[in-house]
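Listing of work-v7.cif; format and content: mmCIF, C-alpha atoms and all ligand atoms.
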data_start
#
loop_
_atom_site.label_atom_id
_atom_site.label_comp_id
_atom_site.auth_asym_id
_atom_site.auth_seq_id
_atom_site.Cartn_x
_atom_site.Cartn_y
_atom_site.Cartn_z
CA MET A 17 -1.18 16.86 14.03
CA ARG A 18 -2.67 13.69 12.59
CA LEU A 19 -1.08 12.78 9.27
CA SER A 20 -3.15 11.82 6.26
CA LYS A 21 -3.92 8.12 5.74
CA ARG A 22 -2.19 8.57 2.43
CA ALA A 23 1.07 9.57 4.09
CA GLU A 24 0.75 7.03 6.89
CA GLN A 25 0.19 4.11 4.57
CA LEU A 26 2.96 4.95 2.12
CA GLU A 27 6.16 2.88 2.23
CA PRO A 28 9.33 4.94 1.93
CA SER A 29 11.67 3.94 -0.91
CA VAL A 30 13.85 1.02 0.29
CA THR A 31 16.60 1.81 -2.17
CA LEU A 32 16.93 5.40 -0.96
CA ALA A 33 16.77 4.18 2.66
CA ALA A 34 19.51 1.58 2.09
CA SER A 35 21.87 4.06 0.52
CA ALA A 36 21.14 6.59 3.30
CA LYS A 37 22.08 3.95 5.90
CA ALA A 38 25.35 3.21 4.12
CA THR A 39 26.14 6.92 3.85
CA ALA A 40 25.46 7.41 7.57
CA LEU A 41 27.91 4.62 8.49
CA LYS A 42 30.51 6.05 6.11
CA ALA A 43 30.12 9.44 7.79
CA LYS A 44 31.03 7.75 11.09
CA GLY A 45 34.34 6.80 9.50
CA LEU A 46 33.56 3.17 8.65
CA ASP A 47 34.91 1.76 5.41
CA VAL A 48 31.54 0.89 3.88
CA LEU A 49 31.20 -0.27 0.30
CA SER A 50 27.78 0.61 -1.04
CA LEU A 51 26.25 -1.38 -3.88
CA THR A 52 22.84 0.09 -3.24
CA VAL A 53 22.47 2.92 -5.66
CA GLY A 54 20.33 2.87 -8.74
CA GLU A 55 22.29 5.51 -10.56
CA PRO A 56 25.36 5.60 -12.79
CA ASP A 57 28.58 6.53 -11.00
CA PHE A 58 29.71 8.56 -14.02
CA ALA A 59 29.52 12.35 -14.12
CA THR A 60 27.12 13.81 -16.68
CA PRO A 61 29.00 14.07 -20.02
CA LYS A 62 30.79 17.39 -20.58
CA ASN A 63 28.79 18.47 -23.66
CA ILE A 64 25.61 18.25 -21.57
CA GLN A 65 27.15 20.17 -18.68
CA LYS A 66 28.26 22.89 -21.10
CA ALA A 67 24.79 23.20 -22.63
CA ALA A 68 23.40 23.76 -19.14
CA ILE A 69 25.99 26.42 -18.34
CA ALA A 70 25.24 28.17 -21.64
CA ALA A 71 21.51 28.12 -20.88
CA ILE A 72 22.16 29.75 -17.52
CA GLU A 73 24.54 32.37 -18.90
CA SER A 74 22.26 33.36 -21.78
CA GLY A 75 19.46 33.94 -19.29
CA LYS A 76 17.04 31.56 -20.99
CA ALA A 77 17.05 29.20 -18.02
CA SER A 78 15.73 31.95 -15.74
CA TYR A 79 12.05 31.57 -16.50
CA TYR A 80 9.07 29.26 -16.16
CA THR A 81 8.65 27.02 -19.18
CA PRO A 82 5.47 25.47 -20.61
CA SER A 83 4.39 22.87 -18.05
CA SER A 84 4.74 20.06 -20.57
CA GLY A 85 8.30 21.14 -21.42
CA ILE A 86 10.12 23.49 -23.80
CA PRO A 87 9.30 22.96 -27.48
CA GLU A 88 12.98 22.16 -28.29
CA LEU A 89 12.97 19.28 -25.82
CA LYS A 90 9.63 17.85 -26.93
CA GLN A 91 10.99 18.00 -30.46
CA ALA A 92 14.18 16.24 -29.34
CA VAL A 93 12.08 13.53 -27.69
CA THR A 94 10.02 12.92 -30.82
CA LYS A 95 13.23 12.77 -32.87
CA TYR A 96 14.76 10.33 -30.39
CA ILE A 97 11.68 8.10 -30.52
CA GLU A 98 11.68 8.30 -34.31
CA GLN A 99 15.35 7.24 -34.49
CA ASN A 100 15.33 4.63 -31.76
CA TYR A 101 11.80 3.22 -32.07
CA GLY A 102 10.97 4.07 -35.66
CA LEU A 103 7.70 5.64 -34.47
CA SER A 104 6.35 9.08 -35.36
CA TYR A 105 4.79 11.23 -32.68
CA LEU A 106 3.94 14.92 -32.49
CA PRO A 107 4.97 17.25 -29.64
CA LYS A 108 1.38 17.09 -28.33
CA ASN A 109 1.99 13.38 -27.65
CA VAL A 110 4.88 14.26 -25.31
CA ILE A 111 5.10 15.54 -21.75
CA VAL A 112 8.45 16.28 -20.14
CA THR A 113 8.43 15.63 -16.41
CA ASP A 114 10.58 15.87 -13.27
CA GLY A 115 12.17 12.48 -13.87
CA ALA A 116 10.51 9.36 -15.25
CA LYS A 117 9.29 8.73 -11.71
CA PHE A 118 7.02 11.77 -11.91
CA ALA A 119 5.81 10.79 -15.39
CA LEU A 120 4.55 7.55 -13.84
CA TYR A 121 3.01 9.45 -10.95
CA LEU A 122 1.15 11.80 -13.30
CA LEU A 123 -0.05 8.90 -15.41
CA PHE A 124 -1.62 7.11 -12.43
CA GLN A 125 -3.13 10.36 -11.16
CA ALA A 126 -4.57 11.10 -14.59
CA LEU A 127 -6.11 7.68 -15.22
CA LEU A 128 -6.99 5.88 -12.01
CA ASN A 129 -10.24 6.06 -10.07
CA VAL A 130 -10.84 4.44 -6.69
CA GLY A 131 -10.45 0.68 -7.02
CA ASP A 132 -9.07 0.60 -10.55
CA GLU A 133 -6.55 -2.20 -10.87
CA VAL A 134 -3.01 -2.04 -12.17
CA ILE A 135 -1.18 -5.29 -12.85
CA ILE A 136 2.42 -5.24 -11.66
CA PRO A 137 4.75 -8.19 -12.31
CA VAL A 138 6.95 -9.12 -9.33
CA PRO A 139 9.86 -8.44 -8.78
CA TYR A 140 8.93 -4.81 -9.43
CA TRP A 141 10.58 -1.42 -9.23
CA VAL A 142 9.90 -0.07 -5.74
CA SER A 143 7.70 2.90 -6.67
CA TYR A 144 5.06 1.33 -8.92
CA GLY A 145 2.77 -0.09 -6.26
CA GLU A 146 3.09 2.85 -3.90
CA GLN A 147 2.32 5.34 -6.68
CA VAL A 148 -0.76 3.35 -7.71
CA LYS A 149 -1.95 3.43 -4.10
CA LEU A 150 -1.38 7.19 -3.93
CA ALA A 151 -3.82 7.47 -6.84
CA GLU A 152 -6.30 5.25 -4.91
CA GLY A 153 -5.87 2.43 -7.38
CA ASN A 154 -5.21 -1.19 -6.43
CA PRO A 155 -1.93 -2.77 -7.41
CA VAL A 156 -2.39 -6.41 -8.44
CA PHE A 157 0.90 -8.25 -8.09
CA ILE A 158 1.83 -11.27 -10.19
CA SER A 159 4.70 -13.33 -8.89
CA CYS A 160 7.25 -14.15 -11.61
CA GLN A 161 9.81 -16.77 -10.65
CA GLN A 162 13.51 -16.98 -11.45
CA GLU A 163 12.73 -20.17 -13.46
CA GLN A 164 10.64 -18.04 -15.86
CA ASN A 165 13.40 -15.41 -15.97
CA PHE A 166 11.11 -13.20 -13.88
CA LYS A 167 8.93 -12.52 -16.93
CA VAL A 168 5.15 -12.42 -16.77
CA THR A 169 3.17 -14.66 -19.12
CA VAL A 170 -0.18 -14.12 -20.82
CA GLU A 171 -1.63 -17.01 -18.76
CA GLN A 172 -0.69 -15.19 -15.58
CA LEU A 173 -2.07 -11.89 -16.88
CA GLU A 174 -5.33 -13.52 -17.85
CA ALA A 175 -5.66 -15.15 -14.43
CA ALA A 176 -5.17 -11.76 -12.77
CA ARG A 177 -7.56 -9.84 -15.01
CA THR A 178 -10.88 -8.55 -13.67
CA GLU A 179 -13.34 -6.00 -15.07
CA LYS A 180 -11.43 -3.40 -13.01
CA THR A 181 -8.09 -4.04 -14.72
CA LYS A 182 -7.07 -0.75 -16.30
CA MET A 183 -3.34 -0.97 -16.85
CA MET A 184 -0.33 -3.22 -16.66
CA ILE A 185 3.26 -2.22 -16.10
CA LEU A 186 6.06 -3.60 -18.20
CA ASN A 187 9.68 -2.79 -17.33
CA SER A 188 12.17 -4.19 -19.82
CA PRO A 189 15.12 -4.23 -19.25
CA SER A 190 14.00 -4.68 -15.68
CA ASN A 191 15.10 -3.12 -12.44
CA PRO A 192 15.90 -5.20 -10.39
CA THR A 193 16.26 -8.36 -12.55
CA GLY A 194 17.96 -7.07 -15.72
CA MET A 195 15.74 -9.29 -17.87
CA ILE A 196 14.55 -8.27 -21.34
CA TYR A 197 11.33 -9.47 -22.99
CA SER A 198 11.70 -10.93 -26.47
CA LYS A 199 9.67 -9.67 -29.40
CA GLU A 200 7.53 -12.83 -29.33
CA GLU A 201 6.78 -12.43 -25.64
CA LEU A 202 5.89 -8.78 -26.19
CA GLN A 203 3.63 -9.65 -29.09
CA ALA A 204 1.68 -12.07 -26.92
CA ILE A 205 1.41 -9.65 -24.00
CA GLY A 206 0.57 -6.73 -26.29
CA ASP A 207 -2.17 -8.66 -28.11
CA TRP A 208 -3.65 -9.66 -24.77
CA ALA A 209 -3.64 -6.01 -23.63
CA VAL A 210 -5.25 -4.85 -26.87
CA SER A 211 -8.04 -7.42 -26.78
CA ASN A 212 -8.80 -6.64 -23.15
CA ASN A 213 -8.40 -2.87 -23.43
CA VAL A 214 -5.64 -2.78 -20.81
CA LEU A 215 -3.26 0.16 -21.12
CA ILE A 216 0.41 -0.86 -21.26
CA VAL A 217 2.73 1.32 -19.23
CA SER A 218 6.10 0.64 -20.80
CA ASP A 219 8.96 1.77 -18.56
CA ASP A 220 11.85 1.87 -21.04
CA ILE A 221 14.32 3.74 -18.84
CA TYR A 222 17.07 1.08 -19.26
CA GLY A 223 16.50 0.66 -23.00
CA LYS A 224 20.01 1.84 -23.90
CA LEU A 225 21.73 -0.25 -21.25
CA VAL A 226 21.79 -3.72 -22.77
CA TYR A 227 24.79 -6.03 -22.94
CA ASN A 228 26.49 -8.90 -24.68
CA GLY A 229 24.52 -8.63 -27.90
CA ASN A 230 21.10 -8.69 -26.26
CA GLN A 231 18.46 -6.59 -27.99
CA PHE A 232 15.88 -4.31 -26.46
CA THR A 233 12.54 -4.29 -28.26
CA PRO A 234 10.14 -1.58 -27.06
CA ILE A 235 6.62 -3.06 -26.88
CA ALA A 236 5.25 0.02 -28.68
CA THR A 237 7.14 -1.07 -31.81
CA VAL A 238 5.61 -4.54 -32.05
CA SER A 239 2.39 -3.55 -33.83
CA GLU A 240 0.29 -0.48 -34.54
CA GLU A 241 -2.56 -1.73 -32.32
CA ILE A 242 -0.13 -2.29 -29.46
CA ARG A 243 1.47 1.13 -29.98
CA LYS A 244 -1.95 2.78 -29.58
CA GLN A 245 -2.45 0.86 -26.35
CA THR A 246 0.91 1.92 -24.88
CA ILE A 247 2.27 4.87 -22.95
CA ILE A 248 6.05 5.04 -23.23
CA ILE A 249 7.90 6.17 -20.12
CA ASN A 250 11.54 7.10 -20.51
CA GLY A 251 14.10 9.69 -19.44
CA VAL A 252 17.72 10.75 -19.46
CA SER A 253 18.65 9.68 -15.90
CA LYS A 254 20.09 6.23 -16.48
CA SER A 255 21.54 6.27 -20.00
CA TYR A 256 23.02 9.79 -19.87
CA ALA A 257 24.16 9.72 -16.22
CA MET A 258 21.74 12.53 -15.36
CA THR A 259 19.83 11.29 -12.31
CA GLY A 260 20.28 14.58 -10.44
CA TRP A 261 18.88 16.71 -13.25
CA ARG A 262 15.42 15.13 -12.97
CA ILE A 263 14.23 14.91 -16.57
CA GLY A 264 11.93 12.17 -17.81
CA TYR A 265 9.07 12.03 -20.25
CA ALA A 266 5.93 10.19 -21.32
CA VAL A 267 4.86 9.65 -24.93
CA GLY A 268 1.49 8.44 -26.14
CA ASP A 269 -2.19 9.22 -26.58
CA GLU A 270 -2.75 12.97 -26.75
CA THR A 271 -5.77 12.98 -24.41
CA ILE A 272 -3.88 11.11 -21.69
CA ILE A 273 -0.83 13.36 -22.11
CA ALA A 274 -3.07 16.46 -21.85
CA ALA A 275 -4.61 15.16 -18.60
CA MET A 276 -1.15 14.52 -17.18
CA ASN A 277 -0.15 18.03 -18.18
CA LYS A 278 -3.13 19.55 -16.38
CA ILE A 279 -1.99 17.85 -13.15
CA ALA A 280 1.64 18.89 -13.71
CA SER A 281 0.56 22.51 -14.27
CA GLN A 282 -1.13 22.52 -10.87
CA SER A 283 1.67 20.75 -9.02
CA THR A 284 5.23 21.35 -10.25
CA SER A 285 4.44 23.96 -12.97
CA ASN A 286 7.35 22.74 -15.07
CA PRO A 287 10.52 20.65 -14.91
CA THR A 288 13.54 22.78 -14.05
CA ALA A 289 14.39 24.95 -17.06
CA VAL A 290 18.16 24.46 -16.96
CA SER A 291 17.76 20.69 -16.83
CA GLN A 292 15.52 20.79 -19.87
CA TYR A 293 18.17 22.62 -21.90
CA ALA A 294 20.73 20.06 -20.73
CA ALA A 295 18.41 17.23 -21.81
CA VAL A 296 18.07 18.74 -25.30
CA GLU A 297 21.84 18.38 -25.68
CA ALA A 298 21.71 14.86 -24.22
CA LEU A 299 19.22 13.68 -26.83
CA ASN A 300 20.47 15.73 -29.81
CA GLY A 301 24.21 15.84 -29.11
CA ASN A 302 27.05 13.39 -29.56
CA GLN A 303 26.00 9.91 -28.44
CA GLU A 304 29.52 8.45 -28.10
CA THR A 305 29.86 8.99 -24.36
CA ILE A 306 26.77 6.93 -23.61
CA GLU A 307 28.26 4.02 -25.53
CA VAL A 308 31.46 4.35 -23.47
CA MET A 309 29.41 4.15 -20.28
CA ARG A 310 27.42 1.20 -21.61
CA GLN A 311 30.64 -0.66 -22.35
CA ALA A 312 31.92 0.02 -18.83
CA PHE A 313 28.75 -1.50 -17.37
CA GLU A 314 29.08 -4.48 -19.67
CA GLU A 315 32.68 -5.10 -18.59
CA ARG A 316 31.69 -4.91 -14.94
CA LEU A 317 28.80 -7.30 -15.46
CA ASN A 318 30.98 -9.82 -17.24
CA THR A 319 33.69 -9.55 -14.57
CA ILE A 320 31.55 -9.84 -11.48
CA PHE A 321 28.81 -12.19 -12.64
CA PRO A 322 30.86 -15.43 -12.40
CA ARG A 323 32.22 -14.42 -9.00
CA VAL A 324 28.78 -13.68 -7.56
CA ALA A 325 27.37 -16.86 -9.08
CA ALA A 326 30.10 -18.82 -7.26
CA ILE A 327 29.19 -17.54 -3.78
CA PRO A 328 27.85 -20.54 -1.82
CA GLY A 329 24.06 -20.75 -2.05
CA PHE A 330 23.66 -17.78 -4.42
CA LYS A 331 21.47 -18.57 -7.43
CA LEU A 332 21.19 -16.12 -10.28
CA VAL A 333 20.51 -15.74 -13.97
CA LYS A 334 22.78 -13.49 -15.98
CA PRO A 335 21.14 -10.11 -16.50
CA GLN A 336 20.76 -8.82 -20.06
CA GLY A 337 20.42 -5.12 -19.25
CA ALA A 338 20.16 -2.39 -16.56
CA PHE A 339 22.93 -2.44 -13.91
CA TYR A 340 21.91 -4.86 -11.20
CA LEU A 341 22.43 -8.47 -10.19
CA PHE A 342 19.48 -10.07 -8.42
CA PRO A 343 20.59 -13.31 -6.75
CA ASN A 344 18.27 -15.63 -4.88
CA ILE A 345 19.98 -16.19 -1.52
CA LYS A 346 17.41 -18.55 0.01
CA GLU A 347 19.89 -21.43 0.21
CA THR A 348 22.61 -19.22 1.69
CA MET A 349 20.18 -18.05 4.35
CA GLU A 350 19.03 -21.60 5.13
CA LEU A 351 22.60 -22.86 5.43
CA SER A 352 23.41 -20.16 7.96
CA GLY A 353 20.16 -20.05 9.93
CA TYR A 354 18.61 -16.85 8.56
CA THR A 355 14.88 -16.61 7.96
CA ASP A 356 14.70 -12.92 7.13
CA VAL A 357 16.52 -11.31 4.22
CA ASN A 358 16.39 -7.90 5.90
CA GLN A 359 18.32 -9.34 8.84
CA TRP A 360 20.87 -10.86 6.48
CA VAL A 361 21.35 -7.52 4.71
CA ASP A 362 21.66 -5.70 8.06
CA ASP A 363 24.27 -8.16 9.32
CA LEU A 364 26.23 -7.93 6.08
CA LEU A 365 26.38 -4.18 6.53
CA GLU A 366 27.26 -4.35 10.25
CA GLU A 367 29.85 -7.10 9.99
CA ALA A 368 31.28 -6.92 6.47
CA HIS A 369 30.56 -3.25 5.75
CA VAL A 370 28.90 -3.96 2.43
CA ALA A 371 25.54 -2.35 1.71
CA LEU A 372 23.05 -4.11 -0.59
CA VAL A 373 19.32 -3.58 -1.03
CA THR A 374 16.92 -6.18 0.35
CA GLY A 375 14.78 -7.92 -2.22
CA ALA A 376 11.82 -7.40 0.10
CA GLY A 377 11.33 -3.89 -1.29
CA PHE A 378 10.98 -5.37 -4.78
CA GLY A 379 8.41 -7.92 -3.61
CA ALA A 380 11.00 -10.71 -3.58
CA PRO A 381 12.07 -11.51 -0.01
CA GLU A 382 14.47 -14.33 -0.92
CA TYR A 383 16.64 -11.99 -2.98
CA VAL A 384 19.11 -9.14 -2.68
CA ARG A 385 19.89 -6.48 -5.26
CA ILE A 386 23.51 -5.76 -6.07
CA SER A 387 24.07 -2.60 -8.11
CA TYR A 388 27.15 -2.59 -10.32
CA ALA A 389 26.93 1.12 -11.00
CA THR A 390 30.23 1.55 -9.24
CA ASP A 391 33.89 1.04 -10.16
CA LEU A 392 35.38 -2.42 -10.62
CA ASP A 393 37.84 -2.19 -7.70
CA THR A 394 35.00 -1.45 -5.30
CA LEU A 395 32.92 -4.24 -6.81
CA GLU A 396 35.74 -6.81 -6.54
CA GLU A 397 36.47 -5.88 -2.93
CA ALA A 398 32.77 -5.90 -2.03
CA ILE A 399 32.29 -9.36 -3.55
CA SER A 400 35.30 -10.69 -1.63
CA ARG A 401 33.74 -9.40 1.57
CA ILE A 402 30.33 -10.91 0.77
CA GLU A 403 32.00 -14.24 0.00
CA LYS A 404 33.90 -14.21 3.29
CA PHE A 405 30.78 -13.23 5.23
CA VAL A 406 28.74 -16.03 3.65
CA VAL A 407 31.40 -18.68 4.21
CA SER A 408 31.99 -17.68 7.84
CA LYS A 409 28.24 -17.82 8.58
CA ILE A 410 27.87 -21.25 7.02
CA GLU A 411 30.87 -22.70 8.80
CA ARG A 412 29.72 -21.50 12.16
C1 LIG A 501 15.47 4.92 -11.99
C2 LIG A 501 14.18 4.37 -12.48
C3 LIG A 501 13.10 5.21 -12.82
C4 LIG A 501 13.07 6.70 -12.56
O1 LIG A 501 14.04 7.44 -13.13
P1 LIG A 501 14.06 9.01 -12.99
O2 LIG A 501 15.38 9.33 -12.37
O3 LIG A 501 12.91 9.46 -12.16
O4 LIG A 501 13.96 9.51 -14.39
C5 LIG A 501 11.96 4.64 -13.36
N1 LIG A 501 11.85 3.31 -13.52
C6 LIG A 501 12.85 2.49 -13.18
C7 LIG A 501 12.66 1.03 -13.40
C8 LIG A 501 14.04 2.98 -12.64
O5 LIG A 501 15.00 2.14 -12.26
#

Rewrite the coordinates I just gave you, this time as structure tokens.
Ligand SMILES: *Cc1c(COP(=O)(O)O)cnc(C)c1O
Amino acid sequence: MRLSKRAEQLEPSVTLAASAKATALKAKGLDVLSLTVGEPDFATPKNIQKAAIAAIESGKASYYTPSSGIPELKQAVTKYIEQNYGLSYLPKNVIVTDGAKFALYLLFQALLNVGDEVIIPVPYWVSYGEQVKLAEGNPVFISCQQEQNFKVTVEQLEAARTEKTKMMILNSPSNPTGMIYSKEELQAIGDWAVSNNVLIVSDDIYGKLVYNGNQFTPIATVSEEIRKQTIIINGVSKSYAMTGWRIGYAVGDETIIAAMNKIASQSTSNPTAVSQYAAVEALNGNQETIEVMRQAFEERLNTIFPRVAAIPGFKLVKPQGAFYLFPNIKETMELSGYTDVNQWVDDLLEEAHVALVTGAGFGAPEYVRISYATDLDTLEEAISRIEKFVVSKIER
């Protein structure tokens, strides 16, 4: 059977592939340390687990829910946005989805026609471009260098704009770079988007994971005009350690949300009921555990950053949020005769038994992504191995 062009042309997720490779080697009995995953290593907090169990036992998790989500959860989302963003929305401005990933998917499906352009700053999260292509849109990539802290500028946006530009994606704090846009930068980008009628897709999934006194400003909060021009994408996966539950949401213009809901109703019907009840507790319940997790990430970052920065030929800026380091390893590769980052990552796995994700999947083939969503002992040991690997290759 001939597959669809759509399926044939799609790139599989490099992050999921890298962690699958590490898991396969581990299953063979090798002592592999995996710094590939984009998910917290913590278990979902107990109060959230208990809310899920209660929803199952009471029977209320047995049934289909409204396709845009249960009223309690949409209410919890509007309350969360009110408290954390200072913005008022109504439940009709909210759709709950099967993870933030599916909120993005629905948004592109609801808004893009053939050839519509979506501006995506590089390095980017792996799924943006592929999801745009699935909706028959054209991703337009803008390369953002380490020297500019990987942040897109209005000059770059303006140079990329055509009459087909429909949206731009903004991910702050960023996966993979950990960079956060300042209020001034957001004001400039937001004003540009407003005057050119470009919809801002604001992926705020790491908004709670910021460190060392850095501040996250959601672009929707910068001005009323910008808020109207923005769809907020968020979810419980990263900040509440709930990746497996698959609950995300989009907030914004009611007409766009309604169109997304129509597509959801004909595809997934609704996000899993039990997960929605769990997410209500996540957003409404005690918030102390998420601060404990945030502090753990911060400690890891501060411990490992200087060590990674000292690896010969590694160049990196200190991340402000999320849970990744994103070093440029061009010099390391040159010193040891590598021309292909994928080869370097493969050899690191084969020879040093440390799994990282190639920067190629993020549009940045001189980089690797190191996730620090794992315990400090593992991180320290993994960094020692990387160091040894790099030094031995250079000396050879
Ligand atoms: C993890 C991630 C998502 C998707 O999260 P879900 O688990 O689908 O809610 C979206 N954007 C970025 C940048 C991510 O890292």

(request) Would you mind reading off the distance between atom CA of A:Lys76 and atom CA of A:Ser285, one decimal, in Å? (result) 16.8 Å

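For the residues A:Arg310, A:Lys66, A:Lys180, A:Arg323, ranking by smallest atom-to-atom distance to A:Leu341 using only C-alpha atoms places A:Arg323 first.
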
(message) Residues contacting ligand LIG 501 (chain A) - anything with an atom at most 10 Å away, using only C-alpha atoms and all ligand atoms - can you give me those as a PyMOL selection string?
(response) chain A and resi 53-56+113-121+140-144+186-192+194+218-222+249-255+257-265+338-340

(message) Measuring between all atoms listed in the file, which one of A:Ala380, A:Ser83, A:Glu24, A:Ile402 shows the shortest distance to A:Pro137?
(response) A:Ala380

(message) I need the residue nearest A:Val214 from this list: A:Thr284, A:Ser35, A:Gln245, A:Thr348. Use all atoms listed in the file for the distance.
(response) A:Gln245

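Nearest to A:Leu395 of all the residues A:Cys160, A:Leu215, A:Ala325, A:Leu317 is A:Leu317, counting all atoms listed in the file.
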
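Distances here use all atoms listed in the file; by that measure, the residue among A:Glu240, A:Glu201, A:Glu315, A:Asp356 closest to A:Thr390 is A:Glu315.
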
(request) Choose the residue, out of A:Ala70, A:Ala376, A:Met183, A:Val384, that has the smallest atom-to-atom separation from A:Val30; count only C-alpha atoms. (result) A:Ala376

(message) Please list as number ranges by chain every residue within 12 Å of stretch 98-104 of chain A, counting all atoms listed in the file and excluding residues in the same chain fewer than 2 positions away.
(response) A: 91-96, 106-110, 220, 223-224, 232-240, 243-244, 248, 267-268, 299-300

Would you compute the box with edges along x, y and z of the file around stretch 153-162 of chain A, including every atom the file lists for it and 3 Å extra on each side, and give its centre and edge lengths in Å to one decimal, as lines of an AutoDock Vina configuration file?
center_x = 3.8
center_y = -7.3
center_z = -9.0
size_x = 25.4
size_y = 25.4
size_z = 11.2

(request) Enumerate, as a PyMOL selection string, the protein, DNA and RNA residues whose atoms approach (-7.2, -6.4, -8.1) to within 10 Å, taking into account all atoms listed in the file and the coordinate frame of the file. (result) chain A and resi 131-135+153-157+176-182

(request) With a distance cut-off of 10 Å and all atoms listed in the file, select the neighbouring residues of A:Gly375, excluding the residue or stretch itself and same-chain residues fewer than 4 positions from it, and output the selection as a VMD selection string. (result) chain A and resid 30 to 31 139 to 140 142 192 342 to 345 357 to 358 361 379 to 386

(request) Tell me, in Å to one decimal, how far atom CA of A:Ile185 is from atom CA of A:Ile136. (result) 5.4 Å

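Here atom CA of A:Asn129 stands at a distance of 19.0 Å from atom CA of A:Thr246.
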
Residues of stretch 77-164 of chain A that have any atom at most 12 Å from an atom of stretch 327-335 of chain A: could you tabulate them with the shortest-distance atom pair and the distance in Å to one decimal, using all atoms listed in the file, ordered by chain and increasing number, as a tab-separated table?
residue	atom	partner	partner_atom	distance
A:Gln161	CA	A:Val333	CA	11.3
A:Gln162	CA	A:Val333	CA	7.5
A:Glu163	CA	A:Val333	CA	9.0
A:Gln164	CA	A:Val333	CA	10.3

(request) Excluding A:Leu150 and residues on its chain fewer than 5 positions from it, collect all residues at most 9 Å away from it, counting all atoms listed in the file, and give them as a PyMOL selection string. (result) chain A and resi 22-23+26+121+124-125+145
